[in-house]
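A.B. asks: Structure file data.txt (compact mmCIF, C-alpha atoms and all ligand atoms) right here:
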# COMPACT_ATOMS: atom_id res chain seq x y z
CA MET V 1 19.23 54.21 5.91
CA PRO V 2 21.60 51.68 4.37
CA GLY V 3 19.93 48.86 2.51
CA PRO V 4 20.06 45.33 3.84
CA SER V 5 23.49 43.75 3.67
CA PRO V 6 23.95 40.87 1.19
CA ARG V 7 23.99 38.50 4.14
CA ALA V 8 20.68 39.78 5.45
CA SER V 9 19.04 39.53 2.04
CA SER V 10 20.20 35.97 1.54
CA ALA V 11 18.92 35.17 5.02
CA SER V 12 15.52 36.60 4.15
CA ARG V 13 15.50 34.59 0.93
CA GLU V 14 16.08 31.51 3.02
CA ARG V 15 13.23 32.54 5.27
CA ARG V 16 10.95 32.99 2.28
CA GLU V 17 11.74 29.51 1.03
CA GLU V 18 11.45 27.94 4.43
CA PRO V 19 7.70 27.22 4.52
CA ARG V 20 7.84 25.07 1.39
CA LEU V 21 10.91 23.16 2.54
CA ALA V 22 9.51 22.85 6.03
CA ARG V 23 6.26 21.42 4.70
CA ALA V 24 7.85 18.81 2.49
CA GLN V 25 11.15 18.06 4.14
CA ARG V 26 10.50 17.97 7.84
CA PHE V 27 11.15 14.26 7.76
CA GLU V 28 14.18 12.02 7.96
CA GLY V 29 15.01 8.94 5.91
CA PRO V 30 15.26 6.08 5.48
CA SER V 31 11.63 5.87 4.40
CA ASP V 32 9.51 2.73 3.99
CA LEU V 33 6.15 3.62 2.46
CA HIS V 34 4.37 0.26 2.25
CA LEU V 35 3.57 -1.57 5.49
CA HIS V 36 0.54 -3.65 6.54
CA SER V 37 -1.01 -4.17 9.96
CA ALA V 38 -3.65 -6.55 11.29
CA ASN V 39 -6.22 -3.91 10.26
CA SER V 40 -5.86 -5.71 6.93
CA ASP V 41 -3.69 -8.77 6.28
CA GLY V 42 -0.59 -7.98 8.34
CA THR V 43 -0.17 -9.86 11.61
CA GLN V 44 0.55 -7.03 14.08
CA PRO V 45 -1.46 -4.06 15.35
CA PRO V 46 -0.51 -0.72 13.72
CA ALA V 47 1.60 0.42 16.69
CA GLU V 48 3.70 -2.75 16.55
CA VAL V 49 4.22 -2.30 12.82
CA MET V 50 5.66 1.15 13.50
CA SER V 51 8.01 -0.19 16.18
CA ALA V 52 9.13 -2.99 13.86
CA ALA V 53 9.93 -0.37 11.20
CA HIS V 54 11.78 1.72 13.79
CA ARG V 55 13.84 -1.29 14.91
CA HIS V 56 14.86 -1.80 11.28
CA GLY V 57 16.18 1.78 11.14
CA ILE V 58 13.20 3.37 9.36
CA ARG V 59 12.54 7.01 10.29
CA THR V 60 9.61 7.80 7.97
CA ALA V 61 6.91 5.18 7.56
CA ALA V 62 3.55 4.85 5.84
CA LEU V 63 0.80 2.46 6.89
CA THR V 64 -0.87 1.11 3.74
CA ASP V 65 -3.50 -1.38 4.79
CA HIS V 66 -5.74 -2.79 2.06
CA ASP V 67 -8.86 -0.67 1.49
CA THR V 68 -8.90 0.94 4.94
CA THR V 69 -7.55 3.95 6.82
CA SER V 70 -8.61 2.56 10.21
CA GLY V 71 -5.04 2.13 11.49
CA TRP V 72 -3.85 5.69 10.90
CA ALA V 73 -4.46 7.17 14.36
CA GLU V 74 -2.79 4.32 16.25
CA ALA V 75 0.15 4.22 13.81
CA ALA V 76 0.63 8.00 13.88
CA GLU V 77 0.71 8.03 17.67
CA ALA V 78 3.20 5.15 17.84
CA ALA V 79 5.42 6.47 15.04
CA THR V 80 5.70 9.99 16.42
CA SER V 81 6.36 8.77 19.95
CA LEU V 82 9.33 6.89 18.48
CA GLY V 83 10.54 10.09 16.76
CA MET V 84 9.39 8.98 13.30
CA THR V 85 7.35 10.80 10.67
CA PHE V 86 4.10 9.05 9.77
CA ILE V 87 2.69 9.16 6.23
CA PRO V 88 -0.98 8.10 6.09
CA GLY V 89 -1.58 5.68 3.23
CA MET V 90 -3.75 2.89 1.89
CA GLU V 91 -3.44 0.14 -0.73
CA LEU V 92 -6.61 0.35 -2.81
CA SER V 93 -7.78 -2.81 -4.58
CA ALA V 94 -8.45 -2.55 -8.30
CA ARG V 95 -8.97 -5.09 -11.02
CA HIS V 96 -8.17 -5.26 -14.71
CA GLN V 97 -9.95 -8.22 -16.33
CA TRP V 98 -8.80 -11.23 -14.30
CA ARG V 99 -5.86 -9.63 -12.60
CA SER V 100 -5.69 -7.64 -9.42
CA VAL V 101 -3.96 -4.25 -9.45
CA HIS V 102 -2.94 -2.51 -6.24
CA VAL V 103 -2.94 1.27 -6.14
CA LEU V 104 -1.07 2.81 -3.22
CA ALA V 105 -2.75 6.03 -2.10
CA TYR V 106 -0.60 8.45 -0.11
CA LEU V 107 -2.06 11.24 2.00
CA PRO V 108 -5.67 11.07 0.76
CA ASP V 109 -8.49 12.71 2.71
CA PRO V 110 -9.84 9.81 4.81
CA ASP V 111 -13.30 11.45 4.87
CA ASP V 112 -13.63 11.84 1.10
CA ALA V 113 -17.13 10.49 0.40
CA ALA V 114 -16.42 8.78 -2.93
CA LEU V 115 -13.25 7.06 -1.73
CA ARG V 116 -14.98 5.97 1.49
CA ALA V 117 -17.96 4.58 -0.38
CA MET V 118 -15.66 2.60 -2.65
CA THR V 119 -13.52 1.17 0.16
CA GLU V 120 -16.66 0.19 2.08
CA ARG V 121 -18.00 -1.56 -0.99
CA ILE V 122 -14.71 -3.42 -1.54
CA ARG V 123 -14.47 -4.47 2.11
CA SER V 124 -18.00 -5.79 2.14
CA SER V 125 -17.39 -7.70 -1.09
CA ARG V 126 -14.21 -9.13 0.46
CA LEU V 127 -16.26 -10.48 3.35
CA ASP V 128 -18.87 -12.09 1.04
CA ARG V 129 -16.14 -13.55 -1.09
CA ALA V 130 -14.24 -14.98 1.88
CA ARG V 131 -17.48 -16.70 3.02
CA LEU V 132 -17.99 -18.17 -0.44
CA MET V 133 -14.41 -19.41 -0.54
CA ALA V 134 -14.80 -20.89 2.95
CA ASP V 135 -17.98 -22.72 1.80
CA ARG V 136 -16.16 -24.18 -1.18
CA ILE V 137 -13.10 -25.18 0.85
CA SER V 138 -15.24 -26.75 3.59
CA ARG V 139 -16.61 -29.27 1.07
CA ASP V 140 -13.14 -30.85 0.83
CA TYR V 141 -11.33 -29.76 4.00
CA ASP V 142 -12.04 -29.56 7.69
CA LEU V 143 -12.46 -25.78 7.84
CA VAL V 144 -15.38 -23.62 8.98
CA TRP V 145 -16.11 -19.89 8.80
CA ASP V 146 -15.34 -19.45 12.52
CA ASP V 147 -11.76 -20.62 11.85
CA ILE V 148 -11.33 -17.66 9.52
CA LEU V 149 -13.02 -15.20 11.88
CA ALA V 150 -10.62 -16.39 14.59
CA GLN V 151 -7.71 -15.22 12.39
CA THR V 152 -9.23 -11.79 11.65
CA SER V 153 -9.04 -8.73 13.92
CA ASP V 154 -12.34 -6.91 14.52
CA GLY V 155 -13.19 -4.68 11.58
CA ALA V 156 -10.13 -5.73 9.58
CA THR V 157 -10.18 -5.87 5.78
CA VAL V 158 -10.60 -9.60 5.15
CA GLY V 159 -8.43 -11.31 2.57
CA ARG V 160 -7.15 -14.67 1.43
CA PRO V 161 -4.26 -14.33 3.95
CA HIS V 162 -6.80 -14.83 6.77
CA ILE V 163 -8.12 -17.98 5.09
CA ALA V 164 -4.49 -19.07 4.73
CA ASP V 165 -3.91 -18.52 8.46
CA ALA V 166 -7.01 -20.59 9.24
CA LEU V 167 -5.69 -23.40 7.02
CA VAL V 168 -2.36 -23.20 8.88
CA ALA V 169 -4.11 -23.27 12.27
CA ARG V 170 -5.99 -26.40 11.16
CA GLY V 171 -2.71 -28.00 10.11
CA LEU V 172 -3.85 -28.22 6.49
CA VAL V 173 -0.91 -26.25 5.08
CA ARG V 174 2.49 -25.22 6.44
CA ASP V 175 2.31 -21.46 5.84
CA ARG V 176 0.61 -18.68 3.85
CA ALA V 177 2.85 -19.30 0.85
CA GLU V 178 1.76 -22.95 0.59
CA ALA V 179 -1.91 -21.93 0.91
CA PHE V 180 -1.53 -19.33 -1.88
CA SER V 181 0.20 -21.69 -4.27
CA GLY V 182 -2.41 -24.41 -3.65
CA ILE V 183 -5.88 -24.12 -2.11
CA LEU V 184 -6.16 -20.33 -2.52
CA SER V 185 -4.70 -20.03 -6.00
CA PRO V 186 -6.81 -18.11 -8.56
CA GLY V 187 -6.64 -21.08 -10.91
CA GLY V 188 -8.05 -23.48 -8.31
CA ASP V 189 -11.55 -24.75 -7.49
CA TYR V 190 -12.03 -22.63 -4.39
CA TYR V 191 -11.14 -19.18 -5.70
CA VAL V 192 -13.74 -16.43 -5.85
CA ALA V 193 -12.85 -12.98 -7.22
CA LEU V 194 -13.58 -9.89 -5.14
CA PHE V 195 -15.28 -6.78 -6.42
CA ALA V 196 -12.80 -4.00 -7.17
CA PRO V 197 -12.92 -0.93 -9.42
CA ASP V 198 -10.98 -0.79 -12.67
CA PRO V 199 -7.52 0.76 -12.27
CA VAL V 200 -8.41 4.08 -13.94
CA THR V 201 -11.37 4.57 -11.60
CA ALA V 202 -9.12 3.69 -8.65
CA VAL V 203 -6.62 6.38 -9.68
CA GLU V 204 -9.43 8.92 -10.18
CA LEU V 205 -10.81 8.18 -6.71
CA VAL V 206 -7.41 8.65 -5.05
CA VAL V 207 -6.77 11.90 -6.94
CA GLY V 208 -10.31 13.08 -6.11
CA ALA V 209 -9.50 12.56 -2.42
CA GLY V 210 -6.33 14.66 -2.77
CA GLY V 211 -4.09 11.60 -2.52
CA VAL V 212 -1.04 10.58 -4.54
CA PRO V 213 -1.58 7.31 -6.46
CA ILE V 214 1.37 4.98 -7.08
CA ILE V 215 1.06 1.49 -8.56
CA ALA V 216 2.30 -1.12 -6.09
CA HIS V 217 4.64 -3.92 -7.25
CA PRO V 218 3.93 -3.05 -10.93
CA ALA V 219 6.34 -5.54 -12.52
CA GLY V 220 5.41 -8.80 -10.85
CA ARG V 221 5.26 -12.24 -12.43
CA ALA V 222 1.96 -11.40 -14.16
CA GLY V 223 3.86 -8.90 -16.30
CA LEU V 224 3.17 -5.22 -16.93
CA LEU V 225 -0.28 -3.80 -17.41
CA PRO V 226 -1.06 -3.02 -21.07
CA PRO V 227 0.66 0.24 -22.11
CA ALA V 228 -2.66 1.82 -23.19
CA LEU V 229 -4.12 1.20 -19.73
CA MET V 230 -1.03 2.67 -18.05
CA GLU V 231 -1.38 5.70 -20.30
CA ARG V 232 -5.00 6.19 -19.24
CA MET V 233 -3.99 5.86 -15.60
CA LEU V 234 -1.28 8.51 -16.11
CA GLU V 235 -3.85 10.82 -17.72
CA ALA V 236 -6.08 10.26 -14.69
CA GLY V 237 -3.26 11.44 -12.42
CA LEU V 238 -1.19 8.36 -11.64
CA ALA V 239 1.94 9.79 -9.99
CA GLY V 240 4.39 6.93 -10.27
CA PHE V 241 5.45 3.36 -9.67
CA GLU V 242 6.80 1.28 -6.80
CA LEU V 243 9.91 0.01 -8.57
CA GLY V 244 11.74 -1.08 -5.41
CA HIS V 245 9.78 -4.17 -4.37
CA ARG V 246 10.95 -7.78 -4.09
CA GLU V 247 8.18 -9.04 -6.42
CA ASN V 248 9.25 -6.86 -9.38
CA VAL V 249 11.18 -8.80 -11.99
CA GLY V 250 13.29 -8.42 -15.10
CA ALA V 251 12.32 -6.81 -18.35
CA GLY V 252 9.16 -5.13 -17.06
CA LEU V 253 11.19 -3.34 -14.44
CA ARG V 254 13.59 -1.97 -17.04
CA THR V 255 10.69 -0.73 -19.18
CA LEU V 256 9.11 1.06 -16.23
CA ARG V 257 12.46 2.55 -15.16
CA GLU V 258 12.73 4.16 -18.59
CA LEU V 259 9.12 5.34 -18.50
CA CYS V 260 9.66 6.94 -15.09
CA ARG V 261 12.85 8.64 -16.28
CA ASP V 262 11.30 9.92 -19.54
CA ARG V 263 8.12 11.23 -17.87
CA ASP V 264 9.72 12.37 -14.61
CA LEU V 265 7.41 10.16 -12.53
CA ILE V 266 7.68 9.41 -8.83
CA VAL V 267 9.58 6.20 -8.05
CA THR V 268 9.29 4.53 -4.67
CA GLY V 269 10.84 1.51 -2.97
CA SER V 270 9.22 -0.23 -0.02
CA SER V 271 9.06 -3.50 1.86
CA ASP V 272 5.34 -4.43 1.78
CA TYR V 273 5.88 -5.78 5.30
CA HIS V 274 3.05 -8.05 6.55
CA GLY V 275 4.52 -9.05 9.93
CA MET V 276 4.80 -12.85 10.10
CA GLY V 277 2.59 -13.17 7.02
CA LYS V 278 5.40 -12.72 4.50
CA PRO V 279 9.20 -12.87 4.62
CA ASN V 280 9.43 -9.14 3.64
CA GLN V 281 11.23 -7.08 6.31
CA PRO V 282 10.89 -3.32 6.93
CA GLY V 283 13.54 -1.32 5.11
CA GLU V 284 14.45 -4.05 2.60
CA ASN V 285 13.56 -1.42 -0.01
CA THR V 286 13.36 2.30 0.73
CA THR V 287 12.25 5.52 -0.98
CA SER V 288 14.67 8.44 -1.49
CA ASP V 289 14.16 11.71 0.42
CA GLU V 290 13.61 13.49 -2.89
CA MET V 291 10.74 11.20 -3.85
CA VAL V 292 9.16 11.37 -0.38
CA ALA V 293 9.26 15.18 -0.65
CA ARG V 294 7.59 15.02 -4.07
CA ILE V 295 4.78 12.86 -2.68
CA ILE V 296 4.20 15.26 0.21
CA GLU V 297 4.27 18.32 -2.06
CA ARG V 298 1.77 16.78 -4.46
CA ALA V 299 -0.71 15.65 -1.78
CA ARG V 300 -3.80 17.71 -0.96
CA GLY V 301 -5.86 15.30 1.12
CA SER V 302 -4.00 14.98 4.41
CA ALA V 303 -0.62 15.82 5.92
CA PRO V 304 2.30 13.83 7.29
CA VAL V 305 2.41 13.57 11.07
CA HIS V 306 5.73 14.65 12.52
CA PRO V 307 7.18 13.80 15.94
P1 LIG K 401 -6.74 -11.02 -1.70
O1 LIG K 401 -6.61 -9.54 -1.91
O2 LIG K 401 -7.64 -11.34 -0.57
O3 LIG K 401 -7.05 -11.78 -2.95
O4 LIG K 401 -5.31 -11.55 -1.22
C1 LIG K 401 -4.14 -11.04 -1.80
C2 LIG K 401 -3.18 -10.65 -0.68
O5 LIG K 401 -2.56 -11.82 -0.21
C3 LIG K 401 -2.06 -9.75 -1.14
O6 LIG K 401 -2.34 -8.40 -0.84
C4 LIG K 401 -0.88 -10.20 -0.32
O7 LIG K 401 -0.82 -9.45 0.85
C5 LIG K 401 -1.19 -11.60 0.10
N1 LIG K 401 -0.41 -12.64 -0.60
C6 LIG K 401 -0.42 -12.92 -1.92
N2 LIG K 401 0.39 -13.97 -2.19
C7 LIG K 401 0.93 -14.35 -1.00
C8 LIG K 401 1.86 -15.36 -0.60
N3 LIG K 401 2.37 -16.22 -1.49
N4 LIG K 401 2.19 -15.43 0.71
C9 LIG K 401 1.66 -14.60 1.61
N5 LIG K 401 0.78 -13.62 1.29
C10 LIG K 401 0.42 -13.49 0.01
FE FE K 402 -1.55 -7.82 1.63
FE FE K 403 -0.15 -5.37 -2.91
ZN ZN K 404 0.79 -4.42 0.13
Just give me the structure of the file as structure tokens.

C.D. replies:
Amino acid sequence: MPGPSPRASSASRERREEPRLARAQRFEGPSDLHLHSANSDGTQPPAEVMSAAHRHGIRTAALTDHDTTSGWAEAAEAATSLGMTFIPGMELSARHQWRSVHVLAYLPDPDDAALRAMTERIRSSRLDRARLMADRISRDYDLVWDDILAQTSDGATVGRPHIADALVARGLVRDRAEAFSGILSPGGDYYVALFAPDPVTAVELVVGAGGVPIIAHPAGRAGLLPPALMERMLEAGLAGFELGHRENVGAGLRTLRELCRDRDLIVTGSSDYHGMGKPNQPGENTTSDEMVARIIERARGSAPVHP
């Protein structure tokens, strides 16, 4: 019997490689991997966030609500019915000294016990802290706790944006931005910090849940995290940095670009859409197909949902 022709053998090589490619690359760009719904501090339900992304031309989208995975099922259903690929995600709160650090977690196992325990603890601390802030604000302004509840969807991760919306509804400020630069500012009299793990622990928890940890908006106005801390996060399994984000600025961005190039880290770009809560629009930054494929290949906790 004659052996397989060269054509047949190259076809079978393609077949052999297919499962890996199929797993990672059964998605289409453009990809926006950082979007918020009303399950945290965005202003629309998860399904509406997915249609907003679709309207802006996005074909692969991640939902990354703060400290919760509660929007995944609704978002996955909406995204796939629009022909989009859905990447389950979360933005995990962390804290280094006085500053907050946001760790994006892609494709973690939503049932991982340690990650769940941590997100539950953070969400409950967020609720206590919002009440304390409301108490302090109510001494000087006409605002009560019910005003804040009225701005918060059932079960949502509560944050300062909901207090901001309550202040807007009461006519005390014009918009979220004015609330954040005034009444809600960390330097002000009304601010209370929330409980959050240190950034290394946050990375360990995401990795432990099979997820891919990426630091969100890592070069904002507060400057870069100390290099030694970033090094410890990388040792713990930090996969990369969200370099494409409107809040990243200047010199820090250049430093991180070099770090990512030298260490072959994952680089993403995303909008951080919050509906009406921020000017950010879906697709204003996007992540390359190559980087999306690397995230999917690295993940062990859950899988993308395809149409
Ligand atoms: P918190 O985690 O409750 O302290 O609130 C921080 C959240 O508020 C961030 O995740 C952003 O989504 C949002 N945020 C921060 N600054 C602003 C701003 N100037 N305008 C609107 N939203 C903001
Ligand atoms: Fe937010
Ligand atoms: Fe963030
Ligand atoms: Zn965000």

A.B. asks: Please measure the separation of CA of Phe241 (chain V) and CA of Thr85 (chain V), giving the value in Å to one decimal.

C.D. replies: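 Distance between the two atoms: 21.7 Å.
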
A.B. asks: Report as a short mmCIF file (atom, residue, chain, number, x, y, z; two decimals) with C-alpha atoms, in the frame of the given file which protein, DNA and RNA residues come within 8 Å of ligand ZN 404 (chain K), using only C-alpha atoms and all ligand atoms.

C.D. replies:
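See result_0.cif below for the written result:
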data_model
loop_
_atom_site.label_atom_id
_atom_site.label_comp_id
_atom_site.auth_asym_id
_atom_site.auth_seq_id
_atom_site.Cartn_x
_atom_site.Cartn_y
_atom_site.Cartn_z
CA HIS V 34 4.37 0.26 2.25
CA LEU V 35 3.57 -1.57 5.49
CA HIS V 36 0.54 -3.65 6.54
CA THR V 64 -0.87 1.11 3.74
CA ASP V 65 -3.50 -1.38 4.79
CA HIS V 66 -5.74 -2.79 2.06
CA GLU V 91 -3.44 0.14 -0.73
CA HIS V 102 -2.94 -2.51 -6.24
CA ALA V 216 2.30 -1.12 -6.09
CA ASP V 272 5.34 -4.43 1.78
CA TYR V 273 5.88 -5.78 5.30
CA HIS V 274 3.05 -8.05 6.55
#

A.B. asks: Which of these, V:Pro186, V:Gly269, V:Pro45, V:Gly223, has the shortest distance to ligand LIG 401 (chain K) once you count only C-alpha atoms and all ligand atoms?

C.D. replies: V:Pro186

A.B. asks: I'd like the neighbourhood of region 155-168 of chain V as a ChimeraX atom specification, where a residue qualifies if any of its atoms comes within 7 Å (using all atoms listed in the file), though same-chain residues fewer than 6 positions away should be ignored.

C.D. replies: /V:38-41,66-68,123,126-127,130,147-148,174-176,179,184

A.B. asks: Next, write the just-selected residues to a file, as a PDB file, in the frame of the given file, keeping C-alpha atoms as the atom set.

C.D. replies:
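Contents of the output file again.pdb:
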ATOM      1  CA  ALA V  38      -3.650  -6.550  11.290  1.00  0.00           C
ATOM      2  CA  ASN V  39      -6.220  -3.910  10.260  1.00  0.00           C
ATOM      3  CA  SER V  40      -5.860  -5.710   6.930  1.00  0.00           C
ATOM      4  CA  ASP V  41      -3.690  -8.770   6.280  1.00  0.00           C
ATOM      5  CA  HIS V  66      -5.740  -2.790   2.060  1.00  0.00           C
ATOM      6  CA  ASP V  67      -8.860  -0.670   1.490  1.00  0.00           C
ATOM      7  CA  THR V  68      -8.900   0.940   4.940  1.00  0.00           C
ATOM      8  CA  ARG V 123     -14.470  -4.470   2.110  1.00  0.00           C
ATOM      9  CA  ARG V 126     -14.210  -9.130   0.460  1.00  0.00           C
ATOM     10  CA  LEU V 127     -16.260 -10.480   3.350  1.00  0.00           C
ATOM     11  CA  ALA V 130     -14.240 -14.980   1.880  1.00  0.00           C
ATOM     12  CA  ASP V 147     -11.760 -20.620  11.850  1.00  0.00           C
ATOM     13  CA  ILE V 148     -11.330 -17.660   9.520  1.00  0.00           C
ATOM     14  CA  ARG V 174       2.490 -25.220   6.440  1.00  0.00           C
ATOM     15  CA  ASP V 175       2.310 -21.460   5.840  1.00  0.00           C
ATOM     16  CA  ARG V 176       0.610 -18.680   3.850  1.00  0.00           C
ATOM     17  CA  ALA V 179      -1.910 -21.930   0.910  1.00  0.00           C
ATOM     18  CA  LEU V 184      -6.160 -20.330  -2.520  1.00  0.00           C
TER      19      LEU V 184
END

A.B. asks: Here is a test: counting only C-alpha atoms and all ligand atoms, which residue of V:Gly71, V:Pro30, V:Gly277, V:Gly211 is nearest to ligand FE 402 (chain K)?

C.D. replies: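 Of V:Gly71, V:Pro30, V:Gly277, V:Gly211, the one nearest ligand FE 402 (chain K) is V:Gly277, counting only C-alpha atoms and all ligand atoms.
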